[in-house]
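Below is one structure, written out as structure tokens; comments come after it.
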Amino acid sequence: MEFKIVDIKGKELGKDTLPDVSFDEKKANVDHWLWTVANYQRSTRQQGTHSCKNRAAVRGGGAKPYKQKGTGRARRGTNRTPLRVGGGVIFGPSPRSHSKDINKRFARRTINYVFNSRNDAVIVVDAPKDACKTKEVQALIMKTAVADAKRALFVIGDFDSPLYWACRNIKNSLIATPISLDVNELLDADVVYVEKEAFEVIKETFKS
């Protein structure tokens with residue numbers, strides 16, 4: 001698929017292509033592809049730091065709270081029982097990794113498919129290397145985006161890029177790098193601006 005290349009003023013400089021992944025769309029379950037990769041990306045970002053104390057971790061419980069018989073109450077051997085206030089938690093969460101395994105080639109092919117399927121909304125930007133102003137990026141959006149565009153996604157080469165400092169305060173915009181590309185963000189964005197250096201990385205990374 002061909003993608004339009006523009007400068008920071010919106011002037012078209014040419015076109016570039018992203019190698020297309022060939023597969024039989026009639027046999028491939030594309031919706032399942034997208035769900036699988038999106039689920040993998042969400043699980044990778046989940047921290048898994050949730051934790052609580054079980055009966056072995058709470059304080060107290062060294063002595064029997066009261067004698068076994070004669071009180072009329074239920075027998076208790078420790079204050080750490082989950083049945084008492086201040087006791088441990090039964091089957092509570094503990095820190096763990098939520099990440100899932102996925103075939104990396106499968107993920108690359110899926111992201112490649114998303115890019116090629118949205119080639120009408122993807123614009124490659126040849127941004128200046130020295131400086132880039134926010135008002136220039138806003139003017140670029142007004143000139144190149146569709147009329148009802150509400151969400152813009154900027155894919156930058158790195159966080160030292162002048163384009164990053166120019167677009168980070170724009171309302172309803174997201175910023176990503178080629179490594180952190182999210183399927184849901186690619187699909188939800190009304191227009192996707194890809195820095196030329198980032199597009200070269202995308203071509204190399206998602207070519208197969």
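Simple scheme: letters A, B, ... for chains in structure tokens order, numbers from 1 for residues in each chain, numbers from 1 for ligands in the order shown.
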| message | Taking 6 positions as the minimum chain separation for residues in the same chain, which residues sit within 12 Å of Arg75 of chain A when counting only C-alpha atoms? Answer as a list in words. | response | Lys64, Pro65, Tyr66, Lys67, Gln68, Lys69, Thr81, Leu83 and Arg84 of chain A
Residues just named, written with C-alpha atoms as an mmCIF file, in the first residue's frame:
```cif
data_model
loop_
_atom_site.group_PDB
_atom_site.id
_atom_site.type_symbol
_atom_site.label_atom_id
_atom_site.label_comp_id
_atom_site.auth_asym_id
_atom_site.auth_seq_id
_atom_site.Cartn_x
_atom_site.Cartn_y
_atom_site.Cartn_z
ATOM 1 C CA LYS A 64 -4.933 -18.286 71.957
ATOM 2 C CA PRO A 65 -7.374 -15.326 72.273
ATOM 3 C CA TYR A 66 -9.468 -16.891 75.020
ATOM 4 C CA LYS A 67 -9.927 -20.271 76.578
ATOM 5 C CA GLN A 68 -11.473 -23.141 74.646
ATOM 6 C CA LYS A 69 -14.572 -23.727 76.792
ATOM 7 C CA THR A 81 -8.109 -16.261 61.243
ATOM 8 C CA LEU A 83 -13.150 -14.957 60.179
ATOM 9 C CA ARG A 84 -12.095 -12.158 62.556
#
```
| message | When DSSP is applied to the backbone of this structure, which of segment 10-153 of chain A are assigned strand (DSSP E)? Write them out as number ranges by chain. | response | A: 12-17, 122-126, 152-153
Would you save the residues of that selection, restricted to C-alpha atoms, as a PDB file, in the first residue's frame?
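The file below, out.pdb, is the result:
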```pdb
ATOM      1  CA  GLU A  12       2.891  16.605  -0.477  1.00  0.00           C
ATOM      2  CA  LEU A  13       6.426  15.380  -1.155  1.00  0.00           C
ATOM      3  CA  GLY A  14       5.680  11.976  -2.628  1.00  0.00           C
ATOM      4  CA  LYS A  15       4.595   8.514  -1.583  1.00  0.00           C
ATOM      5  CA  ASP A  16       6.122   5.579   0.239  1.00  0.00           C
ATOM      6  CA  THR A  17       5.062   1.963   0.506  1.00  0.00           C
ATOM      7  CA  VAL A 122      -2.013   7.264   7.701  1.00  0.00           C
ATOM      8  CA  ILE A 123       0.174  10.224   6.729  1.00  0.00           C
ATOM      9  CA  VAL A 124       3.986  10.150   6.787  1.00  0.00           C
ATOM     10  CA  VAL A 125       5.442  13.446   8.029  1.00  0.00           C
ATOM     11  CA  ASP A 126       8.906  14.600   7.028  1.00  0.00           C
ATOM     12  CA  ALA A 152      -4.903  11.919  16.247  1.00  0.00           C
ATOM     13  CA  LEU A 153      -2.100   9.426  16.799  1.00  0.00           C
TER      14      LEU A 153
END
```
| query | Got a sec: who's within 8 Å of Ala198 of chain A, counting only C-alpha atoms, leaving out chain neighbours fewer than 5 positions off, as a list of chain:residue names? | reply |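 Everything that qualifies: A:Val155, A:Ile156, A:Gly157, A:Thr177, A:Pro178.
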| request: Could you check which of A:Tyr40, A:Ala121, A:Leu186, A:Lys203 is closest to Lys4 of chain A, using only C-alpha atoms? | output: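 The shortest atom-to-atom distance to Lys4 of chain A comes from A:Ala121.
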| Long-range neighbours of segment 130-140 of chain A as a ChimeraX atom specification, 9 Å cut-off, only C-alpha atoms, 4 positions minimum in chain | /A:7-10,144-145,161-170
Pull C-alpha atoms from the residues just selected and write them as a compact mmCIF listing (two decimals), in the first residue's frame.
```txt
# COMPACT_ATOMS: atom_id res chain seq x y z
CA ASP A 7 6.23 18.19 5.11
CA ILE A 8 5.34 20.06 8.27
CA LYS A 9 3.34 22.60 6.22
CA GLY A 10 1.20 19.88 4.63
CA THR A 144 -4.52 17.16 6.15
CA ALA A 145 -7.02 15.53 8.51
CA SER A 161 12.39 14.16 18.27
CA PRO A 162 11.29 17.80 17.76
CA LEU A 163 7.92 16.45 16.61
CA TYR A 164 7.37 14.91 20.07
CA TRP A 165 7.82 18.26 21.84
CA ALA A 166 5.51 19.92 19.31
CA CYS A 167 2.60 17.47 19.51
CA ARG A 168 2.55 16.39 23.14
CA ASN A 169 0.21 19.20 24.25
CA ILE A 170 -2.29 18.87 21.41
```
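Minimum distance to Ser180 of chain A across A:Thr44, A:Thr71, A:Asp20, A:Asp101 (counting only C-alpha atoms) occurs at A:Thr44.
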Let's see if you can do this: from backbone DSSP, list all alpha helix (DSSP H) residues in segment 16-86 of chain A, as a PDB file with C-alpha atoms, in the first residue's frame.
```pdb
ATOM      1  CA  VAL A  30      -8.989 -11.089  10.916  1.00  0.00           C
ATOM      2  CA  ASP A  31     -11.228 -10.081  13.837  1.00  0.00           C
ATOM      3  CA  HIS A  32      -9.694 -12.841  15.927  1.00  0.00           C
ATOM      4  CA  TRP A  33      -6.217 -11.684  14.869  1.00  0.00           C
ATOM      5  CA  LEU A  34      -6.948  -8.167  16.103  1.00  0.00           C
ATOM      6  CA  TRP A  35      -8.504  -9.371  19.367  1.00  0.00           C
ATOM      7  CA  THR A  36      -5.576 -11.690  20.102  1.00  0.00           C
ATOM      8  CA  VAL A  37      -2.911  -9.024  19.571  1.00  0.00           C
ATOM      9  CA  ALA A  38      -4.896  -6.366  21.453  1.00  0.00           C
ATOM     10  CA  ASN A  39      -5.407  -8.747  24.381  1.00  0.00           C
ATOM     11  CA  TYR A  40      -1.690  -9.556  24.382  1.00  0.00           C
ATOM     12  CA  GLN A  41      -0.751  -5.872  24.436  1.00  0.00           C
ATOM     13  CA  ARG A  42      -3.183  -5.077  27.263  1.00  0.00           C
ATOM     14  CA  SER A  43      -1.936  -7.968  29.397  1.00  0.00           C
ATOM     15  CA  THR A  44       1.681  -6.924  28.877  1.00  0.00           C
ATOM     16  CA  ARG A  45       0.946  -3.430  30.204  1.00  0.00           C
TER      17      ARG A  45
END
```
| query | Counting only C-alpha atoms, which of A:Lys196, A:Arg151, A:Lys171, A:Arg59 gets nearest to Gly86 of chain A? | reply |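 Once distances to Gly86 of chain A are computed over only C-alpha atoms, the minimum belongs to A:Arg59.
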Where does segment 93-131 of chain A meet segment 47-50 of chain A within 6 Å, residue by residue, with the nearest atom pair and distance in Å to one decimal for each, counting only C-alpha atoms, listed by chain and rising number, as CSV?
```
residue,atom,partner,partner_atom,distance
A:Ser94,CA,A:His50,CA,5.9
A:Pro95,CA,A:Thr49,CA,4.8
A:Arg96,CA,A:Gly48,CA,5.3
A:Ser97,CA,A:Gly48,CA,5.6
```
